[in-house]
Amino acid sequence: MSTPLLRVEALSVSIDTAEREIRPLDEVSFELNEGETFVLLGESGCGKSMTALSLMRLLPEGGHITRGSIELQGHDLCAVTEAEMRAVRGGAIAMIFQEPGTSLNPVLTIGTQLNEVLSLHRQLEGRAAFAEAERLLNAVGIPDAARRLGEYPMQLSGGMKQRVMIAMALAGDPRLLIADEPTTALDVTIQAQVLTLLAELQRSRQMGMLLITHDLGVVAQVADRVGVMYAGHLVEIASREQFFAAAAHPYSRKLFEALPEGRRDAGPLATIPGSVPPLDKVFTGCRFADRCPHKYERCDIEPPAWHIAPEGQQVRCHLYDPAEKVDRTSTQEAKPEIRSSNEEPLAQTETPLLEVRNLRVHFPIKRGLLQRTVGCVKAVDGIDFSLHAGKTLALVGESGCGKTTTGKALLNLIPANDGDILFRGTRLDPNRPQNWQAARKQLQMVFQDPFGSLNPRMRVAEIIEEGLIALGLEPERSARRTRVEQIVQQVGLRADMLDRYPHEFSGGQRQRIAIARALAVSPRLIVCDEPTSALDVSVQAQVLNLMRDLQQQLGLAYLFITHNISVVEYLADDIAVMYLGRIVEYGPARAVLNTPQHPYTQALLAAAPRIAAGTQSKIISATAVQGDLPSAAKQPSGCHFHARCPRAEARCHVESPELAPCKEGQWVSCHFVQHVGEPKPS
């Protein structure tokens with residue numbers, strides 16, 4: 001038997017702090033072969049990223065490996081000096097970090113940062129380094145690579161920055177590539193391109209790849225084998241086929257049950273009660289016992305050993321001990337009770353809660369000493385839609401298409417250049433602050449960046465109750481505290497976290513705080529800007545259940561901005577697909593998802609990795625759309641999508657199609673769709 005590229009044996013890590021000892025990893029063991037992709041799957045706080053940092057010997061301050069070994073091609077990395085390890089990092093092992101925007105140096109050009117790696121690990125300088133850097137950018141699909149080498153990270157889109165990170169990782173010609181959530185912040189089209197690119201590069205170079213993710217769709221597309229982590233332990237190791245045919249561990253099965261895809265009419269999503277235990281907890285039995293529907297006495301007193309499940313995978317669970325005779329069938333926990341406000345539910349009426357007519361948001365481009373206007377960015381370019389109480393409109397599209405700008409314009413956080421916004425039949429005049437003040441009591445927003453939207457000097461309890469105090473809800477402190485505790489538990493946090501500050505939480509946890517803050521005041525309409533993009537599938541299920549329950553009880557309306565197609569399928573009543581400031585398709589969710597008419601909508605659906613829980617994954621082509629979204633400052637003539645459309649003809653280059661009705665109640669802006677000739681919706 002050949003030696004594996006990477007062998008991790010009984011790896012345990014401890015981090016010493018002033019208050020307590022934290023143990024993020026405990027007895028982690030796995031192997032990875034050349035040309036193989038091993039995926040670490042699990043919720044935030046389970047130890048996935050800490051495993052990657054341990055392999056690179058990049059532990060945080062106070063962190064150290066307490067036991068175990070890390071062997072790369074037979075060499076123990078725990079035994080080498082720090083000087084020797086610097087040659088391994090970026091050379092034999094390379095890592096793509098989770099946030100490309102913060103991993104790239106903002107004051108150095110792309111070429112300078114690539115040349116640094118080439119000089120250190122391959123001793124290339126001057127013209128040879130420049131040529132190799134250009135070749136690497138071409139290899140990862142960045143157009144006009146020679147020009148991009150002289151640009152700074154701020155001049156690149158999110159997808160391009162992620163590709164630059166991949167190029168930098170490949171510059172040292174590594175044998176092992178570690179990718180920590182490489183597609184979390186990317187649109188489905190760019191995600192598909194990045195995953196396809198990684199797979200192609202891995203095949204051509206025969207690299208081993210350790211991929212860290214919480215996205216089961218990504219696992220289905222790229223994994224050869226899967227390792228499921230929980231609370232610093234690996235609890236299941238299986239091939240992709242075994243895992244998707246019949247996940248064995250109760251935790252793994254719960255992750256599948258929490259998937260929203262195809263479950264709109266099946267009632268609430270299955271959730272996992274509670275949250276991942278704190279890293280300083282001393283465990284005496286199974287780490288998942290407190291959240292497991294199959295828990296019995298042995299689970300509390302004895303840590304489970306590894307066993308072989310019927311499908312052949314390894315699983316750390318007492319249920320698979322041959323000496324035990326217990327039922328392994330998953331059970332559903334009770335649906336959480338949602339406490340509503342004292343307001344009466346808003347009755348459904350024919351009048352829309354929100355109407356948007358011909359909304360335009362243009363940003364001027366100013367240059368020169370006198371800051372003269374030389375052009376404009378047409379972020380939102382004349383869109384119409386309506387939203388009824390108790391309904392959800394999903395606004396779908398790539399980053400840069402105008403979704404977030406639309407949401408902020410509805411709350412007058414960004415002034416609109418033209419158009420009308422009517423809330424409950426009353427026009428919201430941007431020039432009348434008192435008009436907006438009354439409306440804002442019923443309008444809330446969950447922002448995309450939770451870290452930037454949370455006050456770093458306020459504790460979580462203060463952040464969530466701020467709206468309750470400002471609006472005069474729950475005037476008694478004890479009642480307010482009770483409501484705050486209930487809300488944080490419903491979004492997957494613990495009540496003992498309320499006295500912490502935002503910087504003490506992970507990105508996913510900060511997003512939950514932002515959602516709790518918006519939900520606490522029981523608004524009529526919530527603009528949700530990618531509220532589940534940073535969440536694990538289990539916490540996402542809790543949030544989606546909560547949002548649907550509140551919607552049914554209070555008649556809440558949601559404008560849901562997202563690129564997650566499975567979430568759209570579960571939550572949305574209607575869908576508006578945006579491309580470069582315009583709506584290109586609009587209609588009932590079922591019609592748009594089942595019979596998409598616009599080529600861009602078809603490309604978005606084809607690019608999304610989708611799976612059916614409990615069955616082997618079925619993945620659609622991930623390269624259905626090529627290229628990046630054009631700049632809104634230099635919009636193409638004619639149909640904005642023609643440069644990326646496989647059906648484009650000469651007419652598409654010069655003539656802009658109108659948004660007009662077609663079959664199934666959809667409105668589509670495309671020359672190739674048969675319209676029925678009704679006027680544009682208002």
# chains A, B, ... in the order shown; residues from 1 in each chain; ligands from 1
$ residues_around --residues "Val673 (chain A)" --least-positions-apart "3" --cutoff "9 Å" --atoms "only C-alpha atoms" --output "list in words"
Gln597, His598, Cys662, Val668, Ser669 and Cys670 of chain A
$ select_by_dssp --residues "region 13-75 of chain A" --states "helix (DSSP H, G or I)" --output "PyMOL selection string"
chain A and resi 48-56
$ write_last_selection --atoms "C-alpha atoms" --output "short mmCIF file (atom, residue, chain, number, x, y, z; two decimals), in the first residue's frame"
data_model
loop_
_atom_site.label_atom_id
_atom_site.label_comp_id
_atom_site.auth_asym_id
_atom_site.auth_seq_id
_atom_site.Cartn_x
_atom_site.Cartn_y
_atom_site.Cartn_z
CA LYS A 48 -12.54 22.65 10.81
CA SER A 49 -10.47 25.82 10.38
CA MET A 50 -8.39 24.98 13.46
CA THR A 51 -7.47 21.69 11.81
CA ALA A 52 -6.22 23.57 8.74
CA LEU A 53 -4.25 26.06 10.84
CA SER A 54 -2.71 23.18 12.80
CA LEU A 55 -1.49 21.57 9.57
CA MET A 56 0.19 24.86 8.64
#
$ residues_around --residues "Ser119 (chain A)" --least-positions-apart "3" --cutoff "12 Å" --atoms "only C-alpha atoms" --output "PDB file with all heavy atoms, in the first residue's frame"
ATOM      1  N   ALA A  87       9.538  27.161   4.954  1.00  0.00           N
ATOM      2  CA  ALA A  87       9.732  26.659   3.595  1.00  0.00           C
ATOM      3  C   ALA A  87       8.595  25.741   3.169  1.00  0.00           C
ATOM      4  O   ALA A  87       8.288  25.617   1.979  1.00  0.00           O
ATOM      5  CB  ALA A  87      11.063  25.918   3.508  1.00  0.00           C
ATOM      6  N   GLY A  90       3.365  27.487   1.793  1.00  0.00           N
ATOM      7  CA  GLY A  90       3.434  28.107   0.477  1.00  0.00           C
ATOM      8  C   GLY A  90       4.210  27.286  -0.521  1.00  0.00           C
ATOM      9  O   GLY A  90       4.114  27.525  -1.731  1.00  0.00           O
ATOM     10  N   GLY A  91       5.000  26.322  -0.015  1.00  0.00           N
ATOM     11  CA  GLY A  91       5.741  25.435  -0.902  1.00  0.00           C
ATOM     12  C   GLY A  91       5.053  24.088  -0.990  1.00  0.00           C
ATOM     13  O   GLY A  91       4.239  23.845  -1.878  1.00  0.00           O
ATOM     14  N   GLY A 111       0.802  41.723  -8.863  1.00  0.00           N
ATOM     15  CA  GLY A 111       2.079  41.195  -9.340  1.00  0.00           C
ATOM     16  C   GLY A 111       3.120  41.114  -8.243  1.00  0.00           C
ATOM     17  O   GLY A 111       3.862  40.125  -8.137  1.00  0.00           O
ATOM     18  N   THR A 112       3.201  42.144  -7.398  1.00  0.00           N
ATOM     19  CA  THR A 112       4.174  42.148  -6.300  1.00  0.00           C
ATOM     20  C   THR A 112       3.916  40.999  -5.337  1.00  0.00           C
ATOM     21  O   THR A 112       4.855  40.332  -4.876  1.00  0.00           O
ATOM     22  CB  THR A 112       4.112  43.486  -5.549  1.00  0.00           C
ATOM     23  OG1 THR A 112       4.402  44.555  -6.452  1.00  0.00           O
ATOM     24  CG2 THR A 112       5.105  43.517  -4.402  1.00  0.00           C
ATOM     25  N   GLN A 113       2.640  40.752  -5.037  1.00  0.00           N
ATOM     26  CA  GLN A 113       2.312  39.689  -4.084  1.00  0.00           C
ATOM     27  C   GLN A 113       2.576  38.307  -4.680  1.00  0.00           C
ATOM     28  O   GLN A 113       3.019  37.402  -3.967  1.00  0.00           O
ATOM     29  CB  GLN A 113       0.845  39.831  -3.653  1.00  0.00           C
ATOM     30  CG  GLN A 113       0.597  41.133  -2.902  1.00  0.00           C
ATOM     31  CD  GLN A 113      -0.812  41.278  -2.376  1.00  0.00           C
ATOM     32  OE1 GLN A 113      -1.258  40.488  -1.558  1.00  0.00           O
ATOM     33  NE2 GLN A 113      -1.526  42.299  -2.833  1.00  0.00           N
ATOM     34  N   LEU A 114       2.327  38.138  -5.955  1.00  0.00           N
ATOM     35  CA  LEU A 114       2.649  36.861  -6.599  1.00  0.00           C
ATOM     36  C   LEU A 114       4.152  36.658  -6.684  1.00  0.00           C
ATOM     37  O   LEU A 114       4.668  35.554  -6.449  1.00  0.00           O
ATOM     38  CB  LEU A 114       2.026  36.816  -7.995  1.00  0.00           C
ATOM     39  CG  LEU A 114       0.582  36.346  -8.093  1.00  0.00           C
ATOM     40  CD1 LEU A 114       0.019  36.633  -9.480  1.00  0.00           C
ATOM     41  CD2 LEU A 114       0.472  34.860  -7.789  1.00  0.00           C
ATOM     42  N   ASN A 115       4.884  37.723  -7.031  1.00  0.00           N
ATOM     43  CA  ASN A 115       6.343  37.610  -7.166  1.00  0.00           C
ATOM     44  C   ASN A 115       7.011  37.270  -5.845  1.00  0.00           C
ATOM     45  O   ASN A 115       8.056  36.619  -5.816  1.00  0.00           O
ATOM     46  CB  ASN A 115       6.923  38.917  -7.718  1.00  0.00           C
ATOM     47  CG  ASN A 115       6.582  39.120  -9.183  1.00  0.00           C
ATOM     48  OD1 ASN A 115       6.179  38.175  -9.864  1.00  0.00           O
ATOM     49  ND2 ASN A 115       6.723  40.346  -9.667  1.00  0.00           N
ATOM     50  N   GLU A 116       6.415  37.693  -4.749  1.00  0.00           N
ATOM     51  CA  GLU A 116       6.959  37.365  -3.430  1.00  0.00           C
ATOM     52  C   GLU A 116       6.972  35.857  -3.210  1.00  0.00           C
ATOM     53  O   GLU A 116       7.959  35.294  -2.717  1.00  0.00           O
ATOM     54  CB  GLU A 116       6.138  38.056  -2.346  1.00  0.00           C
ATOM     55  CG  GLU A 116       6.667  37.854  -0.940  1.00  0.00           C
ATOM     56  CD  GLU A 116       5.838  38.567   0.105  1.00  0.00           C
ATOM     57  OE1 GLU A 116       4.735  39.033  -0.235  1.00  0.00           O
ATOM     58  OE2 GLU A 116       6.280  38.661   1.259  1.00  0.00           O
ATOM     59  N   ARG A 122      10.417  29.462  -5.414  1.00  0.00           N
ATOM     60  CA  ARG A 122      10.928  28.944  -6.693  1.00  0.00           C
ATOM     61  C   ARG A 122      12.111  29.740  -7.221  1.00  0.00           C
ATOM     62  O   ARG A 122      12.579  29.502  -8.338  1.00  0.00           O
ATOM     63  CB  ARG A 122       9.786  28.918  -7.720  1.00  0.00           C
ATOM     64  CG  ARG A 122       8.691  27.916  -7.321  1.00  0.00           C
ATOM     65  CD  ARG A 122       7.471  28.001  -8.191  1.00  0.00           C
ATOM     66  NE  ARG A 122       7.727  27.766  -9.591  1.00  0.00           N
ATOM     67  CZ  ARG A 122       6.807  27.860 -10.563  1.00  0.00           C
ATOM     68  NH1 ARG A 122       5.556  28.185 -10.238  1.00  0.00           N
ATOM     69  NH2 ARG A 122       7.128  27.631 -11.807  1.00  0.00           N
ATOM     70  N   GLN A 123      12.581  30.700  -6.439  1.00  0.00           N
ATOM     71  CA  GLN A 123      13.762  31.501  -6.765  1.00  0.00           C
ATOM     72  C   GLN A 123      13.679  32.158  -8.152  1.00  0.00           C
ATOM     73  O   GLN A 123      14.658  32.252  -8.894  1.00  0.00           O
ATOM     74  CB  GLN A 123      15.049  30.658  -6.689  1.00  0.00           C
ATOM     75  CG  GLN A 123      15.418  30.217  -5.276  1.00  0.00           C
ATOM     76  CD  GLN A 123      14.499  29.103  -4.757  1.00  0.00           C
ATOM     77  OE1 GLN A 123      14.312  28.090  -5.425  1.00  0.00           O
ATOM     78  NE2 GLN A 123      13.943  29.286  -3.575  1.00  0.00           N
ATOM     79  N   LEU A 124      12.483  32.627  -8.496  1.00  0.00           N
ATOM     80  CA  LEU A 124      12.285  33.334  -9.767  1.00  0.00           C
ATOM     81  C   LEU A 124      12.308  34.829  -9.516  1.00  0.00           C
ATOM     82  O   LEU A 124      11.678  35.324  -8.582  1.00  0.00           O
ATOM     83  CB  LEU A 124      10.954  32.933 -10.406  1.00  0.00           C
ATOM     84  CG  LEU A 124      10.830  31.486 -10.901  1.00  0.00           C
ATOM     85  CD1 LEU A 124       9.435  31.236 -11.465  1.00  0.00           C
ATOM     86  CD2 LEU A 124      11.890  31.177 -11.948  1.00  0.00           C
ATOM     87  N   GLU A 125      12.999  35.576 -10.375  1.00  0.00           N
ATOM     88  CA  GLU A 125      13.097  37.024 -10.239  1.00  0.00           C
ATOM     89  C   GLU A 125      12.903  37.678 -11.607  1.00  0.00           C
ATOM     90  O   GLU A 125      12.985  37.032 -12.652  1.00  0.00           O
ATOM     91  CB  GLU A 125      14.474  37.428  -9.670  1.00  0.00           C
ATOM     92  CG  GLU A 125      14.840  36.795  -8.340  1.00  0.00           C
ATOM     93  CD  GLU A 125      14.076  37.397  -7.166  1.00  0.00           C
ATOM     94  OE1 GLU A 125      13.412  38.443  -7.369  1.00  0.00           O
ATOM     95  OE2 GLU A 125      14.142  36.826  -6.061  1.00  0.00           O
ATOM     96  N   GLY A 126      12.650  38.986 -11.582  1.00  0.00           N
ATOM     97  CA  GLY A 126      12.617  39.772 -12.809  1.00  0.00           C
ATOM     98  C   GLY A 126      11.607  39.309 -13.827  1.00  0.00           C
ATOM     99  O   GLY A 126      10.456  38.989 -13.512  1.00  0.00           O
ATOM    100  N   ARG A 127      12.055  39.235 -15.084  1.00  0.00           N
ATOM    101  CA  ARG A 127      11.158  38.891 -16.185  1.00  0.00           C
ATOM    102  C   ARG A 127      10.606  37.475 -16.059  1.00  0.00           C
ATOM    103  O   ARG A 127       9.462  37.213 -16.416  1.00  0.00           O
ATOM    104  CB  ARG A 127      11.887  39.045 -17.523  1.00  0.00           C
ATOM    105  CG  ARG A 127      12.195  40.484 -17.900  1.00  0.00           C
ATOM    106  CD  ARG A 127      12.834  40.561 -19.278  1.00  0.00           C
ATOM    107  NE  ARG A 127      13.091  41.945 -19.664  1.00  0.00           N
ATOM    108  CZ  ARG A 127      13.658  42.294 -20.807  1.00  0.00           C
ATOM    109  NH1 ARG A 127      14.036  41.354 -21.679  1.00  0.00           N
ATOM    110  NH2 ARG A 127      13.859  43.577 -21.100  1.00  0.00           N
ATOM    111  N   ALA A 128      11.435  36.581 -15.538  1.00  0.00           N
ATOM    112  CA  ALA A 128      10.976  35.197 -15.387  1.00  0.00           C
ATOM    113  C   ALA A 128       9.818  35.124 -14.391  1.00  0.00           C
ATOM    114  O   ALA A 128       8.832  34.406 -14.612  1.00  0.00           O
ATOM    115  CB  ALA A 128      12.128  34.310 -14.924  1.00  0.00           C
ATOM    116  N   ALA A 129       9.922  35.883 -13.298  1.00  0.00           N
ATOM    117  CA  ALA A 129       8.847  35.904 -12.305  1.00  0.00           C
ATOM    118  C   ALA A 129       7.590  36.551 -12.886  1.00  0.00           C
ATOM    119  O   ALA A 129       6.468  36.071 -12.660  1.00  0.00           O
ATOM    120  CB  ALA A 129       9.300  36.653 -11.057  1.00  0.00           C
ATOM    121  N   PHE A 130       7.769  37.643 -13.647  1.00  0.00           N
ATOM    122  CA  PHE A 130       6.609  38.312 -14.247  1.00  0.00           C
ATOM    123  C   PHE A 130       5.898  37.381 -15.226  1.00  0.00           C
ATOM    124  O   PHE A 130       4.656  37.301 -15.240  1.00  0.00           O
ATOM    125  CB  PHE A 130       7.062  39.586 -14.966  1.00  0.00           C
ATOM    126  CG  PHE A 130       5.937  40.381 -15.565  1.00  0.00           C
ATOM    127  CD1 PHE A 130       5.281  41.352 -14.829  1.00  0.00           C
ATOM    128  CD2 PHE A 130       5.522  40.148 -16.873  1.00  0.00           C
ATOM    129  CE1 PHE A 130       4.230  42.080 -15.375  1.00  0.00           C
ATOM    130  CE2 PHE A 130       4.479  40.868 -17.430  1.00  0.00           C
ATOM    131  CZ  PHE A 130       3.831  41.842 -16.679  1.00  0.00           C
ATOM    132  N   GLU A 132       5.902  34.102 -15.228  1.00  0.00           N
ATOM    133  CA  GLU A 132       5.237  33.018 -14.505  1.00  0.00           C
ATOM    134  C   GLU A 132       3.979  33.524 -13.800  1.00  0.00           C
ATOM    135  O   GLU A 132       2.951  32.828 -13.761  1.00  0.00           O
ATOM    136  CB  GLU A 132       6.199  32.410 -13.481  1.00  0.00           C
ATOM    137  CG  GLU A 132       5.614  31.286 -12.632  1.00  0.00           C
ATOM    138  CD  GLU A 132       5.181  30.063 -13.432  1.00  0.00           C
ATOM    139  OE1 GLU A 132       5.507  29.999 -14.645  1.00  0.00           O
ATOM    140  OE2 GLU A 132       4.514  29.183 -12.857  1.00  0.00           O
ATOM    141  N   ALA A 133       4.034  34.760 -13.249  1.00  0.00           N
ATOM    142  CA  ALA A 133       2.852  35.342 -12.607  1.00  0.00           C
ATOM    143  C   ALA A 133       1.726  35.528 -13.615  1.00  0.00           C
ATOM    144  O   ALA A 133       0.556  35.245 -13.321  1.00  0.00           O
ATOM    145  CB  ALA A 133       3.211  36.673 -11.959  1.00  0.00           C
ATOM    146  N   MET A 168      -1.911  32.501  -6.137  1.00  0.00           N
ATOM    147  CA  MET A 168      -0.826  32.619  -5.163  1.00  0.00           C
ATOM    148  C   MET A 168      -0.555  31.292  -4.476  1.00  0.00           C
ATOM    149  O   MET A 168       0.599  30.940  -4.195  1.00  0.00           O
ATOM    150  CB  MET A 168      -1.172  33.697  -4.130  1.00  0.00           C
ATOM    151  CG  MET A 168      -1.173  35.106  -4.683  1.00  0.00           C
ATOM    152  SD  MET A 168      -1.625  36.347  -3.450  1.00  0.00           S
ATOM    153  CE  MET A 168      -0.265  36.206  -2.305  1.00  0.00           C
ATOM    154  N   ALA A 171       1.411  29.122  -6.831  1.00  0.00           N
ATOM    155  CA  ALA A 171       2.711  29.645  -7.262  1.00  0.00           C
ATOM    156  C   ALA A 171       3.880  28.840  -6.714  1.00  0.00           C
ATOM    157  O   ALA A 171       4.927  28.728  -7.354  1.00  0.00           O
ATOM    158  CB  ALA A 171       2.841  31.114  -6.846  1.00  0.00           C
ATOM    159  N   GLY A 172       3.712  28.277  -5.516  1.00  0.00           N
ATOM    160  CA  GLY A 172       4.790  27.486  -4.928  1.00  0.00           C
ATOM    161  C   GLY A 172       4.781  26.033  -5.341  1.00  0.00           C
ATOM    162  O   GLY A 172       5.564  25.237  -4.813  1.00  0.00           O
TER     163      GLY A 172
END
$ residues_around --residues "Met578 (chain A)" --least-positions-apart "6" --cutoff "8 Å" --atoms "only C-alpha atoms" --output "short mmCIF file (atom, residue, chain, number, x, y, z; two decimals) with C-alpha atoms, in the first residue's frame"
data_model
loop_
_atom_site.label_atom_id
_atom_site.label_comp_id
_atom_site.auth_asym_id
_atom_site.auth_seq_id
_atom_site.Cartn_x
_atom_site.Cartn_y
_atom_site.Cartn_z
CA LEU A 395 -34.32 39.44 -5.24
CA VAL A 396 -31.76 37.22 -6.97
CA GLY A 397 -28.61 38.00 -8.93
CA GLU A 398 -24.84 38.25 -8.81
CA CYS A 401 -26.31 43.71 -10.05
CA GLY A 402 -28.01 46.26 -7.74
CA LYS A 403 -29.79 44.06 -5.19
CA VAL A 584 -34.80 40.54 -16.35
CA GLU A 585 -37.35 38.03 -15.01
#
$ atom_distance --atom1 "CA of Pro260 (chain A)" --atom2 "CA of Ile96 (chain A)"
28.6 Å
$ residues_around --residues "region 22-29 of chain A" --least-positions-apart "3" --cutoff "7 Å" --atoms "only C-alpha atoms" --output "PyMOL selection string"
chain A and resi 8-16+47+50+232-234+279-280
$ write_last_selection --atoms "all heavy atoms" --output "CSV table (one decimal), in the first residue's frame"
chain,number,residue,atom,x,y,z
A,8,VAL,N,-2.7,12.3,9.5
A,8,VAL,CA,-2.9,13.0,10.7
A,8,VAL,C,-3.3,12.0,11.8
A,8,VAL,O,-4.3,11.3,11.6
A,8,VAL,CB,-4.0,14.1,10.6
A,8,VAL,CG1,-4.2,14.8,12.0
A,8,VAL,CG2,-3.6,15.2,9.6
A,9,GLU,N,-2.6,11.9,12.9
A,9,GLU,CA,-2.8,10.9,13.9
A,9,GLU,C,-3.1,11.5,15.2
A,9,GLU,O,-2.2,12.2,15.8
A,9,GLU,CB,-1.6,9.9,14.0
A,9,GLU,CG,-1.5,9.0,12.8
A,9,GLU,CD,-2.5,7.8,12.8
A,9,GLU,OE1,-3.2,7.6,13.9
A,9,GLU,OE2,-2.6,7.1,11.8
A,10,ALA,N,-4.3,11.3,15.8
A,10,ALA,CA,-4.6,11.7,17.2
A,10,ALA,C,-4.2,13.1,17.5
A,10,ALA,O,-3.7,13.5,18.6
A,10,ALA,CB,-3.9,10.8,18.2
A,11,LEU,N,-4.5,14.0,16.5
A,11,LEU,CA,-4.1,15.4,16.7
A,11,LEU,C,-5.0,16.1,17.7
A,11,LEU,O,-6.2,16.1,17.6
A,11,LEU,CB,-4.2,16.2,15.3
A,11,LEU,CG,-3.8,17.6,15.3
A,11,LEU,CD1,-2.3,17.8,15.7
A,11,LEU,CD2,-4.1,18.3,14.0
A,12,SER,N,-4.3,16.7,18.7
A,12,SER,CA,-5.0,17.4,19.8
A,12,SER,C,-4.3,18.8,20.0
A,12,SER,O,-3.1,18.9,20.0
A,12,SER,CB,-5.0,16.7,21.1
A,12,SER,OG,-5.6,15.4,21.0
A,13,VAL,N,-5.2,19.8,20.1
A,13,VAL,CA,-4.7,21.2,20.2
A,13,VAL,C,-5.3,21.9,21.4
A,13,VAL,O,-6.5,21.7,21.8
A,13,VAL,CB,-5.0,22.0,18.9
A,13,VAL,CG1,-4.7,23.5,19.1
A,13,VAL,CG2,-4.3,21.5,17.7
A,14,SER,N,-4.5,22.7,22.1
A,14,SER,CA,-4.9,23.4,23.3
A,14,SER,C,-4.5,24.9,23.1
A,14,SER,O,-3.5,25.2,22.6
A,14,SER,CB,-4.3,22.8,24.6
A,14,SER,OG,-4.7,23.6,25.7
A,15,ILE,N,-5.4,25.8,23.6
A,15,ILE,CA,-5.1,27.2,23.5
A,15,ILE,C,-5.3,27.7,25.0
A,15,ILE,O,-6.4,27.7,25.5
A,15,ILE,CB,-6.1,28.0,22.6
A,15,ILE,CG1,-6.0,27.4,21.2
A,15,ILE,CG2,-5.8,29.5,22.6
A,15,ILE,CD1,-7.0,28.0,20.2
A,16,ASP,N,-4.2,28.3,25.5
A,16,ASP,CA,-4.2,28.8,26.9
A,16,ASP,C,-4.6,30.3,26.8
A,16,ASP,O,-4.0,31.1,26.1
A,16,ASP,CB,-2.8,28.7,27.5
A,16,ASP,CG,-2.4,27.2,27.6
A,16,ASP,OD1,-3.3,26.4,27.9
A,16,ASP,OD2,-1.2,26.9,27.4
A,47,GLY,N,-14.2,23.0,14.7
A,47,GLY,CA,-12.8,22.7,14.6
A,47,GLY,C,-12.2,22.5,13.2
A,47,GLY,O,-11.1,22.2,13.1
A,50,MET,N,-9.5,25.2,12.5
A,50,MET,CA,-8.4,25.0,13.5
A,50,MET,C,-7.6,23.8,13.0
A,50,MET,O,-6.3,23.8,13.2
A,50,MET,CB,-8.9,24.7,14.9
A,50,MET,CG,-7.8,24.7,15.9
A,50,MET,SD,-6.9,26.3,16.0
A,50,MET,CE,-8.1,27.4,16.6
A,232,GLY,N,-14.7,19.5,17.9
A,232,GLY,CA,-13.3,19.1,17.9
A,232,GLY,C,-13.1,17.6,17.7
A,232,GLY,O,-11.9,17.2,17.7
A,233,HIS,N,-14.1,16.9,17.3
A,233,HIS,CA,-14.0,15.4,17.0
A,233,HIS,C,-14.4,15.2,15.6
A,233,HIS,O,-15.3,15.8,15.1
A,233,HIS,CB,-14.9,14.6,17.9
A,233,HIS,CG,-14.3,13.9,19.0
A,233,HIS,ND1,-15.0,13.3,20.0
A,233,HIS,CD2,-13.0,13.7,19.3
A,233,HIS,CE1,-14.1,12.7,20.9
A,233,HIS,NE2,-12.9,13.0,20.4
A,234,LEU,N,-13.8,14.2,14.9
A,234,LEU,CA,-14.3,13.7,13.7
A,234,LEU,C,-15.3,12.6,14.2
A,234,LEU,O,-15.0,11.7,15.0
A,234,LEU,CB,-13.3,13.0,12.9
A,234,LEU,CG,-12.5,13.9,11.9
A,234,LEU,CD1,-11.3,13.2,11.3
A,234,LEU,CD2,-13.5,14.4,10.8
A,279,LEU,N,-15.8,25.4,23.7
A,279,LEU,CA,-14.6,24.6,23.5
A,279,LEU,C,-13.8,24.3,24.8
A,279,LEU,O,-12.9,23.5,24.8
A,279,LEU,CB,-13.6,25.4,22.6
A,279,LEU,CG,-14.2,25.7,21.2
A,279,LEU,CD1,-13.2,26.5,20.4
A,279,LEU,CD2,-14.5,24.4,20.5
A,280,ASP,N,-14.3,25.0,25.9
A,280,ASP,CA,-13.6,24.7,27.2
A,280,ASP,C,-14.3,23.6,28.0
A,280,ASP,O,-13.9,23.3,29.2
A,280,ASP,CB,-13.4,26.0,28.0
A,280,ASP,CG,-14.8,26.6,28.3
A,280,ASP,OD1,-15.8,26.3,27.6
A,280,ASP,OD2,-14.8,27.5,29.2
$ residues_around --residues "Leu255 (chain A)" --least-positions-apart "2" --cutoff "10 Å" --atoms "only C-alpha atoms" --output "list of chain:residue names"
A:Leu41, A:Gly42, A:Glu43, A:His214, A:Asp215, A:Leu216, A:Ala247, A:Pro250, A:Tyr251, A:Ser252, A:Arg253, A:Glu257, A:Ala258, A:Leu259, A:Ala270, A:Thr271, A:Ile272, A:Asp536, A:Val537, A:Ser538, A:Val539, A:Ala541, A:Ala613
$ residues_around --residues "Arg651 (chain A)" --least-positions-apart "3" --cutoff "12 Å" --atoms "only C-alpha atoms" --output "PyMOL selection string"
chain A and resi 637-639+642+647-648+654-657+670-672
